[in-house]
$ cat structure09.txt   # compact mmCIF, C-alpha atoms and all ligand atoms
# COMPACT_ATOMS: atom_id res chain seq x y z
CA MET A 1 166.39 93.53 -35.79
CA HIS A 2 162.95 94.73 -34.63
CA GLY A 3 160.99 93.01 -37.38
CA VAL A 4 162.85 89.72 -37.01
CA LYS A 5 160.79 86.90 -35.47
CA ARG A 6 163.22 84.00 -35.64
CA GLY A 7 166.70 83.51 -37.04
CA VAL A 8 167.37 82.40 -40.60
CA PHE A 9 168.61 78.91 -41.34
CA ILE A 10 170.93 78.50 -44.34
CA SER A 11 172.47 75.22 -45.50
CA PHE A 12 175.18 74.32 -48.00
CA GLU A 13 175.01 71.01 -49.83
CA GLY A 14 177.01 69.23 -52.51
CA VAL A 15 179.34 66.32 -53.19
CA GLU A 16 182.72 66.29 -51.45
CA GLY A 17 185.14 68.59 -53.25
CA SER A 18 182.36 70.79 -54.66
CA GLY A 19 183.63 73.84 -52.78
CA LYS A 20 180.56 74.07 -50.49
CA THR A 21 182.63 74.41 -47.31
CA THR A 22 184.65 77.26 -48.82
CA GLN A 23 181.43 79.04 -49.77
CA ALA A 24 179.88 78.47 -46.34
CA ARG A 25 183.00 79.91 -44.65
CA LYS A 26 183.03 82.93 -46.94
CA LEU A 27 179.41 83.60 -46.11
CA VAL A 28 180.22 83.37 -42.40
CA ASP A 29 183.07 85.90 -42.87
CA TRP A 30 180.65 88.21 -44.65
CA LEU A 31 178.09 87.91 -41.82
CA ALA A 32 180.82 88.71 -39.28
CA ALA A 33 182.03 91.70 -41.32
CA ASN A 34 178.44 92.99 -41.38
CA ARG A 35 178.02 92.38 -37.64
CA LEU A 36 175.10 90.05 -38.18
CA PRO A 37 174.62 87.61 -35.27
CA HIS A 38 175.29 84.09 -36.49
CA ILE A 39 176.69 80.63 -35.80
CA PHE A 40 178.46 78.24 -38.14
CA VAL A 41 178.02 74.47 -37.74
CA ARG A 42 178.74 71.31 -39.66
CA ASP A 43 176.59 68.21 -39.92
CA PRO A 44 177.59 65.70 -38.71
CA GLY A 45 179.44 67.42 -35.89
CA SER A 46 179.66 70.72 -34.01
CA THR A 47 178.62 69.23 -30.65
CA PRO A 48 180.82 67.04 -28.42
CA VAL A 49 178.57 64.02 -29.06
CA GLY A 50 178.19 64.84 -32.76
CA GLU A 51 181.95 65.09 -33.32
CA LYS A 52 182.41 61.65 -31.75
CA ILE A 53 179.72 60.20 -34.02
CA ARG A 54 181.38 61.94 -36.98
CA ASN A 55 184.66 60.21 -36.20
CA VAL A 56 182.95 56.82 -36.12
CA LEU A 57 181.20 57.53 -39.43
CA LEU A 58 184.28 58.73 -41.30
CA ASP A 59 186.84 56.36 -39.81
CA LYS A 60 188.18 53.97 -42.46
CA GLU A 61 188.11 51.24 -39.82
CA SER A 62 184.30 51.52 -39.87
CA ARG A 63 184.32 49.91 -43.34
CA GLY A 64 181.98 47.11 -42.31
CA MET A 65 179.26 49.56 -41.28
CA HIS A 66 175.81 48.57 -42.57
CA ALA A 67 173.89 51.24 -44.51
CA LYS A 68 171.14 51.23 -41.85
CA CYS A 69 173.64 51.74 -39.04
CA GLU A 70 175.18 54.60 -41.03
CA LEU A 71 171.76 56.19 -41.49
CA PHE A 72 170.97 56.13 -37.78
CA LEU A 73 174.35 57.57 -36.85
CA PHE A 74 173.87 60.52 -39.21
CA LEU A 75 170.38 61.05 -37.77
CA ALA A 76 171.69 60.79 -34.21
CA ALA A 77 174.37 63.41 -34.82
CA ARG A 78 171.81 65.70 -36.46
CA SER A 79 169.36 65.41 -33.54
CA GLN A 80 172.05 66.53 -31.13
CA LEU A 81 173.08 69.40 -33.42
CA THR A 82 169.48 70.52 -33.86
CA TYR A 83 168.54 70.54 -30.19
CA GLU A 84 171.87 71.66 -28.74
CA LYS A 85 172.86 74.31 -31.26
CA ILE A 86 170.51 75.18 -34.10
CA LEU A 87 167.12 75.62 -32.40
CA PRO A 88 168.49 77.72 -29.50
CA ALA A 89 170.36 79.97 -31.95
CA LEU A 90 167.30 80.48 -34.18
CA LYS A 91 165.25 81.30 -31.11
CA VAL A 92 167.51 84.24 -30.27
CA LYS A 93 167.36 85.43 -33.90
CA LYS A 94 170.79 84.31 -35.00
CA ILE A 95 171.52 83.35 -38.58
CA VAL A 96 172.56 79.70 -38.64
CA VAL A 97 174.86 78.57 -41.44
CA THR A 98 175.34 74.84 -41.73
CA ASP A 99 177.71 72.80 -43.84
CA ARG A 100 175.20 70.02 -44.76
CA PHE A 101 171.86 69.08 -43.20
CA ALA A 102 169.00 66.63 -43.82
CA ASP A 103 169.19 66.91 -47.65
CA SER A 104 172.53 65.09 -47.43
CA THR A 105 170.72 62.08 -45.99
CA PHE A 106 168.36 61.97 -48.97
CA ALA A 107 171.22 62.31 -51.46
CA TYR A 108 173.63 59.87 -49.79
CA GLN A 109 171.59 57.31 -47.84
CA SER A 110 168.49 57.24 -50.04
CA HIS A 111 169.67 57.96 -53.60
CA ALA A 112 173.17 56.51 -53.36
CA ARG A 113 172.64 53.73 -50.79
CA ASP A 114 169.09 52.91 -51.90
CA LEU A 115 167.40 53.14 -48.49
CA PRO A 116 163.65 53.93 -48.76
CA ARG A 117 163.00 57.63 -49.29
CA ARG A 118 159.69 57.71 -47.43
CA LEU A 119 161.18 56.16 -44.34
CA ILE A 120 164.07 58.61 -44.42
CA ALA A 121 161.61 61.50 -44.71
CA VAL A 122 159.89 60.35 -41.50
CA PHE A 123 163.16 59.72 -39.66
CA ASN A 124 164.58 63.07 -40.79
CA ARG A 125 161.53 64.92 -39.51
CA PHE A 126 161.68 63.12 -36.19
CA ALA A 127 165.45 63.59 -35.77
CA SER A 128 165.50 67.30 -36.46
CA ALA A 129 162.13 68.42 -35.09
CA GLY A 130 160.75 69.00 -38.59
CA LEU A 131 163.28 71.80 -39.04
CA LYS A 132 164.04 72.76 -42.64
CA PRO A 133 166.50 75.35 -43.92
CA ASP A 134 165.00 78.62 -45.17
CA LEU A 135 167.57 78.64 -47.95
CA THR A 136 169.78 75.87 -49.33
CA PHE A 137 172.72 76.30 -51.69
CA LEU A 138 173.49 73.26 -53.78
CA VAL A 139 177.03 73.66 -55.07
CA ASP A 140 176.78 71.47 -58.12
CA ILE A 141 179.85 69.91 -59.70
CA ASP A 142 180.54 66.93 -61.92
CA ALA A 143 181.54 64.09 -59.60
CA ALA A 144 184.50 63.29 -61.89
CA LYS A 145 185.83 66.86 -61.54
CA ARG A 146 185.74 66.88 -57.76
CA LYS A 147 188.86 64.73 -57.63
CA GLU A 148 191.02 67.59 -58.84
CA ARG A 149 190.15 69.52 -55.75
CA GLY A 150 191.97 67.70 -53.02
CA LYS A 151 192.68 64.56 -51.11
CA PHE A 152 189.86 62.15 -50.46
CA ASN A 153 190.72 59.92 -47.59
CA ASP A 154 187.83 59.10 -45.27
CA ARG A 155 185.38 56.18 -45.44
CA MET A 156 182.70 58.12 -47.35
CA GLU A 157 185.06 59.92 -49.70
CA THR A 158 186.74 56.73 -50.86
CA GLU A 159 183.42 55.34 -52.15
CA THR A 160 183.22 54.53 -55.88
CA GLU A 161 182.74 57.12 -58.61
CA VAL A 162 179.33 55.58 -59.43
CA TYR A 163 178.27 56.24 -55.84
CA HIS A 164 179.25 59.92 -56.10
CA GLN A 165 177.45 60.27 -59.44
CA LYS A 166 174.33 58.91 -57.73
CA VAL A 167 174.74 61.44 -54.92
CA ARG A 168 174.92 64.28 -57.45
CA GLN A 169 171.82 63.02 -59.26
CA GLY A 170 170.05 62.65 -55.93
CA TYR A 171 170.75 66.27 -55.08
CA LYS A 172 169.36 67.38 -58.43
CA VAL A 173 166.14 65.48 -57.81
CA ILE A 174 165.76 67.01 -54.33
CA ALA A 175 166.51 70.52 -55.59
CA GLY A 176 163.93 70.04 -58.35
CA ARG A 177 161.30 69.11 -55.78
CA ALA A 178 161.98 72.09 -53.50
CA LYS A 179 162.69 74.88 -55.99
CA LYS A 180 161.62 77.65 -53.61
CA ARG A 181 164.23 76.76 -51.02
CA PHE A 182 167.10 75.65 -53.27
CA ARG A 183 169.60 77.76 -55.20
CA VAL A 184 171.70 75.58 -57.46
CA ILE A 185 175.06 77.22 -58.10
CA ASP A 186 177.74 76.06 -60.50
CA GLY A 187 180.73 74.75 -58.51
CA GLU A 188 183.03 75.16 -61.50
CA LYS A 189 182.76 78.95 -61.42
CA PRO A 190 185.53 80.92 -59.65
CA VAL A 191 185.18 81.09 -55.85
CA ASP A 192 184.58 84.85 -55.76
CA VAL A 193 181.95 84.76 -58.49
CA LEU A 194 180.08 82.09 -56.55
CA HIS A 195 180.45 84.06 -53.33
CA GLY A 196 178.85 87.07 -55.07
CA GLU A 197 175.88 84.89 -56.06
CA VAL A 198 175.56 83.52 -52.52
CA ILE A 199 175.56 87.02 -51.00
CA ARG A 200 172.92 88.23 -53.45
CA HIS A 201 170.55 85.43 -52.42
CA VAL A 202 171.35 85.83 -48.72
CA LYS A 203 170.72 89.58 -48.82
CA GLU A 204 167.35 88.88 -50.41
CA ILE A 205 166.22 86.47 -47.71
CA LEU A 206 167.58 88.61 -44.87
CA ALA A 207 165.65 91.62 -46.18
CA ARG A 208 162.50 89.48 -46.42
CA LYS A 209 162.94 88.32 -42.82
CA GLY A 210 163.38 91.85 -41.50
CA TYR A 211 167.17 92.09 -41.01
CA LYS A 212 168.80 95.45 -41.66
CA ILE A 213 172.12 95.26 -43.48
P1 LIG A 301 181.74 66.56 -45.11
O1 LIG A 301 183.07 65.90 -45.26
O2 LIG A 301 181.27 67.26 -46.31
O3 LIG A 301 181.61 67.36 -43.87
O4 LIG A 301 180.65 65.38 -44.92
C1 LIG A 301 180.88 64.25 -44.24
C2 LIG A 301 180.53 63.04 -45.07
O5 LIG A 301 179.28 62.49 -44.60
C3 LIG A 301 180.36 63.27 -46.56
O6 LIG A 301 180.98 62.18 -47.23
C4 LIG A 301 178.86 63.18 -46.77
C5 LIG A 301 178.40 62.26 -45.69
N1 LIG A 301 177.01 62.46 -45.21
C6 LIG A 301 176.06 61.47 -45.45
O7 LIG A 301 176.35 60.46 -46.09
N2 LIG A 301 174.80 61.63 -44.95
C7 LIG A 301 174.43 62.72 -44.20
O8 LIG A 301 173.27 62.82 -43.78
C8 LIG A 301 175.44 63.74 -43.97
C9 LIG A 301 175.07 64.95 -43.16
C10 LIG A 301 176.69 63.56 -44.48

$ encode --input "structure09.txt" --output "structure tokens" --more "lines below"
Ligand code: TMP
Amino acid sequence: MHGVKRGVFISFEGVEGSGKTTQARKLVDWLAANRLPHIFVRDPGSTPVGEKIRNVLLDKESRGMHAKCELFLFLAARSQLTYEKILPALKVKKIVVTDRFADSTFAYQSHARDLPRRLIAVFNRFASAGLKPDLTFLVDIDAAKRKERGKFNDRMETETEVYHQKVRQGYKVIAGRAKKRFRVIDGEKPVDVLHGEVIRHVKEILARKGYKI
């Protein structure tokens, strides 16, 4: 790891049921098998404070939550995650894999909930110290298909189909704007095929950043 200056930050994004968490976990297993130093986090969550905020956000009893309140809670959880976990890990050259990050806020709170994009851009930068992933996988799947994949029970998951279609479109817009960072992968492909694609892209970026595999 001589040539490595800072760790690599990799995020997974997509609608619920897209298979992004499965792909993130498989990548983490691969990193462990290759003895590459890493951490795995989820946003919101992965810190004591963040997990509490996550529970408030996803609790069905939080139904009356205003969109602005929801936005600030996601940002609050992300700040804690960034300062407590992600930045320290990157500093000691670890690879950080996250299940969601700031792009989720654009897709869900801006595109689907119609909060102003410019404001969210400023808040996002402030909340997470301007940190952006080096590589983002968007696991893209038709919002109608996601239902086949499991139970959807929490406050966000039980939103309308129209809402989830908006989220998917939002992701596409964001990925189109940041083509260098995004890899859009087809969530309908078999898990192992997708994993192969993920590893190919990850190997590429690790080599570029000076990691030896
Ligand atoms: P997860 O179940 O995929 O971990 O995500 C938690 C839920 O929170 C999911 O419905 C997406 C939503 N979410 C937002 O609405 N905005 C955000 O900024 C983040 C990180 C997640």

$ closest_atom_pairs --input "structure09.txt" --of "chain A" --to "ligand LIG 301 (chain A)" --cutoff "7 Å" --atoms "all atoms listed in the file" --output "JSON lines"
{"residue": "A:Glu16", "atom": "CA", "partner": "A:LIG301", "partner_atom": "O2", "distance": 5.4}
{"residue": "A:Arg42", "atom": "CA", "partner": "A:LIG301", "partner_atom": "O3", "distance": 6.4}
{"residue": "A:Asp43", "atom": "CA", "partner": "A:LIG301", "partner_atom": "C9", "distance": 4.8}
{"residue": "A:Pro44", "atom": "CA", "partner": "A:LIG301", "partner_atom": "C9", "distance": 5.2}
{"residue": "A:Leu58", "atom": "CA", "partner": "A:LIG301", "partner_atom": "C2", "distance": 6.8}
{"residue": "A:Phe74", "atom": "CA", "partner": "A:LIG301", "partner_atom": "O8", "distance": 5.2}
{"residue": "A:Leu75", "atom": "CA", "partner": "A:LIG301", "partner_atom": "O8", "distance": 6.9}
{"residue": "A:Asp99", "atom": "CA", "partner": "A:LIG301", "partner_atom": "O3", "distance": 6.7}
{"residue": "A:Arg100", "atom": "CA", "partner": "A:LIG301", "partner_atom": "C9", "distance": 5.3}
{"residue": "A:Phe101", "atom": "CA", "partner": "A:LIG301", "partner_atom": "C9", "distance": 5.2}
{"residue": "A:Ala102", "atom": "CA", "partner": "A:LIG301", "partner_atom": "O8", "distance": 5.7}
{"residue": "A:Asp103", "atom": "CA", "partner": "A:LIG301", "partner_atom": "O8", "distance": 7.0}
{"residue": "A:Ser104", "atom": "CA", "partner": "A:LIG301", "partner_atom": "O8", "distance": 4.4}
{"residue": "A:Thr105", "atom": "CA", "partner": "A:LIG301", "partner_atom": "O8", "distance": 3.5}
{"residue": "A:Tyr108", "atom": "CA", "partner": "A:LIG301", "partner_atom": "O7", "distance": 4.6}
{"residue": "A:Gln109", "atom": "CA", "partner": "A:LIG301", "partner_atom": "O7", "distance": 6.0}
{"residue": "A:Met156", "atom": "CA", "partner": "A:LIG301", "partner_atom": "O6", "distance": 4.4}
{"residue": "A:Glu157", "atom": "CA", "partner": "A:LIG301", "partner_atom": "O6", "distance": 5.3}

$ closest_residue --input "structure09.txt" --among "A:Tyr163, A:Tyr171, A:Phe40, A:Phe12" --to "Lys94 of chain A" --atoms "only C-alpha atoms"
A:Phe40

$ closest_residue --input "structure09.txt" --among "A:Gly50, A:Lys68, A:Glu161, A:Lys60" --to "Glu84 of chain A" --atoms "all atoms listed in the file"
A:Gly50

$ closest_residue --input "structure09.txt" --among "A:Leu115, A:Leu194, A:Val8, A:Val15" --to "Ala143 of chain A" --atoms "all atoms listed in the file"
A:Val15

$ residues_around --input "structure09.txt" --residues "Val92 of chain A" --least-positions-apart "4" --cutoff "8 Å" --atoms "only C-alpha atoms" --output "ChimeraX atom specification"
/A:6-7,88

$ atom_distance --input "structure09.txt" --atom1 "atom CA of Ile53 of chain A" --atom2 "atom CA of Ala76 of chain A"
8.1 Å

$ axis_aligned_box --input "structure09.txt" --around "segment 101-107 of chain A" --padding-each-side "5 Å" --output "AutoDock Vina command-line options"
--center_x 170.4 --center_y 65.5 --center_z -47.3 --size_x 14.2 --size_y 17.1 --size_z 18.3

$ closest_residue --input "structure09.txt" --among "A:Leu27, A:Ser11, A:Leu71, A:Glu159" --to "Lys132 of chain A" --atoms "only C-alpha atoms"
A:Ser11

$ atom_distance --input "structure09.txt" --atom1 "atom CA of Ala67 of chain A" --atom2 "atom CA of Phe9 of chain A"
28.3 Å
